[in-house]
Structure formats: C-alpha cells, structure tokens
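Structure first, commentary second.
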Amino acid sequence: MTGPAGGLGADGAGRPSSDVLSVSLDTVRLFLHILAATVWVGGQITLAGLVPGLRALSPDAPRAAARRFNRIAWPAFAVLVLTGMWNVAAARPGDNLPWDVTLAVKLVVVAVSGIAALLHSHSRSTAGLAVFGALSAAGALGAVFLGVMLAGS
Ligand code: HEM
C-alpha cells in the first residue's frame with residue numbers, strides 16, 4: 001500500500017507511485033523469449049507424451065501431428081534466436097568471463113537442439129526418430145537451464 005487508500009498514491013517526495021511494477025522493454029524482451037521457449041520445449045515434451053495415444057488411433061497420426069507442430073515450433077525457434085540476440089545486447093555484463101562461457105555453452109546446446117530437431121523430422125527409422133527427438137528435447141531443456149542461470153547472475 002502506497003497511498004492513503006491503497007492503489008495509486010504519492011511517495012514521500014510527492015512523486016506518483018503505484019502498487020504494480022511497471023512494464024519496460026526488458027519485460028517485453030524476456031516475455032517473448034520465454035513464450036517462445038515454452039512453445040519449443042513444452043511442445044516437444046507434450047508431443048512425445050501424445051505419440052503412443054496417437055499411434056493407437058492410426059499409425060500415420062504421430063507424423064501428421066509432428067508436421068503440424070513443426071509449423072508452430074520453427075517460428076518459435078526463430079523468435080528464440082532473435083530475442084536471444086536481443087538478450088545478449090541488452091543483458092550481457094561486460095567483463096564477466098563466467099557469463100560469457102555460460103552463454104557459449106548455451107549456444108552449443110541451442111545448436112544441438114535445432115540440428116537434432118531437423119534430423120528428427122527427416123528421419124525415417126525408429127532409432128533415428130528416438131535418438132534425435134531425445135537429443136533435441138535434452139538440448140532444449142539445457143538451454144532453459146542455462147538461460148535461467150544467465151538471467152539470474
Ligand atoms: C532453444 C533455444 C532457447 C531456449 C529454450 C532459451 C530459454 C531461455 C530461458 C528460459 C531464459 C531465462 C529467462 C529468465 O529467467 O528470465 C533465457 C535467458 C537468456 N537467453 Fe535464452 N533460450 C534459447 C535461445 C537463446 C539464444 C539463441 C540466445 C543468444 C543468441 C539466448 C540468450 C539468452 C540470454 C542472454 C539470456 C539472459 C537474459 C537476461 O539476463 O535478461 N537464448 N533463455
């Protein structure tokens with residue numbers, strides 16, 4: 001509570017104040033990055049969970065669902081790369097080697113996730129589908145973990 005009756009009020013110096021944090025460009029930047037991450041990562045996990053049920057409906061259903069998912073997932077991946085570059089420009093602390101090394105590791109796992117997803121969608125064998133699918137999801141989870149480390153440092 002900042003004002004006499006809550007809600008909008010004034011601080012001790014007479015400046016207007018509010019109970020709600022303000023929205024900034026950083027909010028928009030991180031919102032877009034995290035939204036795209038939820039689609040890329042959450043979509044892969046959800047699709048993996050749906051595959052057995054889809055296969056029971058029809059042997060072609062998992063591939064059809066994966067094709068539709070790709071139309072959402074790749075734009076999300078593009079948003080991740082674009083907002084990721086925006087993150088680096090806006091949030092990179094100068095002269096912080098551990099941050100830079102963590103970012104470099106993150107870029108490797110992002111590349112692993114993207115390349116494995118590409119190989120997964122072109123794979124015809126069950127082993128290829130399983131290995132590249134798992135690799136893409138593992139890379140994506142790694143990117144989330146390292147992203148949280150970067151943002152929290
Ligand atoms: C699979 C792709 C990616 C995923 C899943 C991902 C996920 C995330 C997540 C969850 C965060 C944490 C945000 C927070 O806690 O507020 C984050 C932060 C960050 N990401 Fe990514 N990211 C991806 C790609 C990229 C790329 C390609 C770059 C660089 C080109 C990048 C650079 C960053 C940076 C610098 C931060 C810290 C931002 C800050 O401190 O404000 N990310 N990422």
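Letters A, B, ... go to the chains of the structure tokens in the order shown; residues in each chain start at 1; ligands are counted from 1 in the same order.
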
Problem set entry | Contacts of Ser153 (chain A) at 8 Å (only C-alpha atoms; same-chain gap of 3+ positions) as a list in words | Trp99, Met149 and Leu150 of chain A

Create the file for the chosen residues now, containing C-alpha atoms and written as a tab-separated table (two decimals), in the first residue's frame.
```tsv
chain	number	residue	atom	x	y	z
A	99	TRP	CA	28.71	-15.29	-18.02
A	149	MET	CA	21.49	-19.17	-14.96
A	150	LEU	CA	22.29	-16.23	-17.26
```

Problem set entry | strand (DSSP E) per DSSP on the backbone: members of chain A, as a list in words | Gly9, Ala10, Pro16 and Ser17 of chain A

Taking only residues of chain A that have an atom at most 8 Å from an atom of ligand 1, what is each one's shortest atom pair and its distance in Å to one decimal, using only C-alpha atoms and all ligand atoms, in chain and number order, as JSON lines?
```
{"residue": "A:Asp26", "atom": "CA", "partner": "ligand 1", "partner_atom_place_in_ligand_line": "41 (O)", "distance": 7.1}
{"residue": "A:Arg29", "atom": "CA", "partner": "ligand 1", "partner_atom_place_in_ligand_line": "41 (O)", "distance": 7.9}
{"residue": "A:Leu30", "atom": "CA", "partner": "ligand 1", "partner_atom_place_in_ligand_line": "16 (O)", "distance": 5.8}
{"residue": "A:His33", "atom": "CA", "partner": "ligand 1", "partner_atom_place_in_ligand_line": "43 (N)", "distance": 6.4}
{"residue": "A:Ile34", "atom": "CA", "partner": "ligand 1", "partner_atom_place_in_ligand_line": "10 (C)", "distance": 5.3}
{"residue": "A:Ala36", "atom": "CA", "partner": "ligand 1", "partner_atom_place_in_ligand_line": "5 (C)", "distance": 7.5}
{"residue": "A:Ala37", "atom": "CA", "partner": "ligand 1", "partner_atom_place_in_ligand_line": "5 (C)", "distance": 4.3}
{"residue": "A:Thr38", "atom": "CA", "partner": "ligand 1", "partner_atom_place_in_ligand_line": "5 (C)", "distance": 7.4}
{"residue": "A:Trp40", "atom": "CA", "partner": "ligand 1", "partner_atom_place_in_ligand_line": "5 (C)", "distance": 6.7}
{"residue": "A:Val41", "atom": "CA", "partner": "ligand 1", "partner_atom_place_in_ligand_line": "5 (C)", "distance": 6.2}
{"residue": "A:Phe77", "atom": "CA", "partner": "ligand 1", "partner_atom_place_in_ligand_line": "2 (C)", "distance": 6.4}
{"residue": "A:Leu80", "atom": "CA", "partner": "ligand 1", "partner_atom_place_in_ligand_line": "24 (C)", "distance": 4.9}
{"residue": "A:Val81", "atom": "CA", "partner": "ligand 1", "partner_atom_place_in_ligand_line": "27 (C)", "distance": 4.0}
{"residue": "A:Leu82", "atom": "CA", "partner": "ligand 1", "partner_atom_place_in_ligand_line": "30 (C)", "distance": 7.0}
{"residue": "A:Thr83", "atom": "CA", "partner": "ligand 1", "partner_atom_place_in_ligand_line": "31 (C)", "distance": 7.1}
{"residue": "A:Gly84", "atom": "CA", "partner": "ligand 1", "partner_atom_place_in_ligand_line": "28 (C)", "distance": 3.4}
{"residue": "A:Met85", "atom": "CA", "partner": "ligand 1", "partner_atom_place_in_ligand_line": "30 (C)", "distance": 4.1}
{"residue": "A:Trp86", "atom": "CA", "partner": "ligand 1", "partner_atom_place_in_ligand_line": "30 (C)", "distance": 7.5}
{"residue": "A:Asn87", "atom": "CA", "partner": "ligand 1", "partner_atom_place_in_ligand_line": "35 (C)", "distance": 4.4}
{"residue": "A:Val88", "atom": "CA", "partner": "ligand 1", "partner_atom_place_in_ligand_line": "35 (C)", "distance": 4.2}
{"residue": "A:Ala89", "atom": "CA", "partner": "ligand 1", "partner_atom_place_in_ligand_line": "35 (C)", "distance": 7.7}
{"residue": "A:Ala90", "atom": "CA", "partner": "ligand 1", "partner_atom_place_in_ligand_line": "41 (O)", "distance": 7.0}
{"residue": "A:Ala91", "atom": "CA", "partner": "ligand 1", "partner_atom_place_in_ligand_line": "41 (O)", "distance": 5.0}
{"residue": "A:Arg92", "atom": "CA", "partner": "ligand 1", "partner_atom_place_in_ligand_line": "35 (C)", "distance": 6.3}
{"residue": "A:Leu103", "atom": "CA", "partner": "ligand 1", "partner_atom_place_in_ligand_line": "35 (C)", "distance": 6.7}
{"residue": "A:Lys106", "atom": "CA", "partner": "ligand 1", "partner_atom_place_in_ligand_line": "25 (C)", "distance": 7.1}
{"residue": "A:Leu107", "atom": "CA", "partner": "ligand 1", "partner_atom_place_in_ligand_line": "27 (C)", "distance": 5.9}
{"residue": "A:Val109", "atom": "CA", "partner": "ligand 1", "partner_atom_place_in_ligand_line": "1 (C)", "distance": 7.6}
{"residue": "A:Val110", "atom": "CA", "partner": "ligand 1", "partner_atom_place_in_ligand_line": "1 (C)", "distance": 4.7}
{"residue": "A:Ala111", "atom": "CA", "partner": "ligand 1", "partner_atom_place_in_ligand_line": "1 (C)", "distance": 7.9}
{"residue": "A:Ser113", "atom": "CA", "partner": "ligand 1", "partner_atom_place_in_ligand_line": "1 (C)", "distance": 6.4}
{"residue": "A:Gly114", "atom": "CA", "partner": "ligand 1", "partner_atom_place_in_ligand_line": "1 (C)", "distance": 7.2}
{"residue": "A:Gly139", "atom": "CA", "partner": "ligand 1", "partner_atom_place_in_ligand_line": "1 (C)", "distance": 7.1}
{"residue": "A:Ala140", "atom": "CA", "partner": "ligand 1", "partner_atom_place_in_ligand_line": "1 (C)", "distance": 4.7}
{"residue": "A:Leu141", "atom": "CA", "partner": "ligand 1", "partner_atom_place_in_ligand_line": "5 (C)", "distance": 6.5}
{"residue": "A:Gly142", "atom": "CA", "partner": "ligand 1", "partner_atom_place_in_ligand_line": "5 (C)", "distance": 7.6}
{"residue": "A:Ala143", "atom": "CA", "partner": "ligand 1", "partner_atom_place_in_ligand_line": "4 (C)", "distance": 4.7}
{"residue": "A:Val144", "atom": "CA", "partner": "ligand 1", "partner_atom_place_in_ligand_line": "7 (C)", "distance": 4.0}
{"residue": "A:Phe145", "atom": "CA", "partner": "ligand 1", "partner_atom_place_in_ligand_line": "10 (C)", "distance": 6.7}
{"residue": "A:Leu146", "atom": "CA", "partner": "ligand 1", "partner_atom_place_in_ligand_line": "43 (N)", "distance": 7.0}
{"residue": "A:Gly147", "atom": "CA", "partner": "ligand 1", "partner_atom_place_in_ligand_line": "17 (C)", "distance": 3.3}
{"residue": "A:Val148", "atom": "CA", "partner": "ligand 1", "partner_atom_place_in_ligand_line": "12 (C)", "distance": 3.9}
{"residue": "A:Met149", "atom": "CA", "partner": "ligand 1", "partner_atom_place_in_ligand_line": "12 (C)", "distance": 7.3}
{"residue": "A:Leu150", "atom": "CA", "partner": "ligand 1", "partner_atom_place_in_ligand_line": "37 (C)", "distance": 4.7}
{"residue": "A:Ala151", "atom": "CA", "partner": "ligand 1", "partner_atom_place_in_ligand_line": "40 (O)", "distance": 3.3}
{"residue": "A:Gly152", "atom": "CA", "partner": "ligand 1", "partner_atom_place_in_ligand_line": "15 (O)", "distance": 6.5}
{"residue": "A:Ser153", "atom": "CA", "partner": "ligand 1", "partner_atom_place_in_ligand_line": "40 (O)", "distance": 7.4}
```

For this session: Measuring atom to atom with only C-alpha atoms, identify which of A:Val39, A:Ala66, A:Leu50, A:Leu97 is nearest to Leu129 (chain A).
Result: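 Among the listed residues, the smallest separation from Leu129 (chain A) belongs to A:Ala66.
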
For this session: Identify, with DSSP run on backbone atoms, the residues in chain A assigned to helix (DSSP H, G or I), and express the list as a VMD selection string.
Result: chain A and resid 25 to 57 61 to 91 97 to 122 126 to 152

Problem set entry | Separation of CA of Ala64 (chain A) from CA of Ala78 (chain A) in Å |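 Here the two named atoms are 22.0 Å from each other.
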
Exercise. Near Gln44 (chain A), within 9 Å and counting only C-alpha atoms, which residues show up once chain neighbours fewer than 6 positions away are dropped, as an NGL selection string?
Worked result: :A and (69 or 73 or 133 or 136-137)

Please produce a file of those selected residues containing N, CA and C atoms, as a short mmCIF file (atom, residue, chain, number, x, y, z; two decimals), in the first residue's frame.
```
data_model
loop_
_atom_site.label_atom_id
_atom_site.label_comp_id
_atom_site.auth_asym_id
_atom_site.auth_seq_id
_atom_site.Cartn_x
_atom_site.Cartn_y
_atom_site.Cartn_z
N PHE A 69 2.94 -29.62 -35.69
CA PHE A 69 3.71 -29.00 -34.60
C PHE A 69 4.89 -28.20 -35.17
N ALA A 73 6.56 -24.79 -34.12
CA ALA A 73 7.85 -24.88 -33.40
C ALA A 73 8.95 -24.07 -34.09
N GLY A 133 15.05 -37.11 -31.49
CA GLY A 133 13.99 -36.48 -30.69
C GLY A 133 14.46 -36.23 -29.26
N SER A 136 17.11 -33.45 -29.19
CA SER A 136 16.54 -32.12 -29.35
C SER A 136 15.89 -31.64 -28.05
N ALA A 137 15.15 -32.54 -27.39
CA ALA A 137 14.49 -32.17 -26.13
C ALA A 137 15.53 -31.91 -25.04
#
```

Contacts of Leu119 (chain A) at 7 Å (only C-alpha atoms; same-chain gap of 4+ positions) as an mmCIF file with C-alpha atoms, in the first residue's frame:
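Listing of selection28.cif after writing:
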```cif
data_model
loop_
_atom_site.group_PDB
_atom_site.id
_atom_site.type_symbol
_atom_site.label_atom_id
_atom_site.label_comp_id
_atom_site.auth_asym_id
_atom_site.auth_seq_id
_atom_site.Cartn_x
_atom_site.Cartn_y
_atom_site.Cartn_z
ATOM 1 C CA ILE A 115 20.051 -29.584 -35.598
ATOM 2 C CA SER A 123 14.409 -39.379 -40.006
ATOM 3 C CA PHE A 132 17.277 -37.186 -32.498
#
```

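In this model, the gap between CA of Asp95 (chain A) and CA of Val23 (chain A) comes to 28.3 Å.
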
Exercise. How many Å lie between CA of Ser58 (chain A) and CA of Ser125 (chain A), rounded to one decimal?
Worked result: 17.7 Å
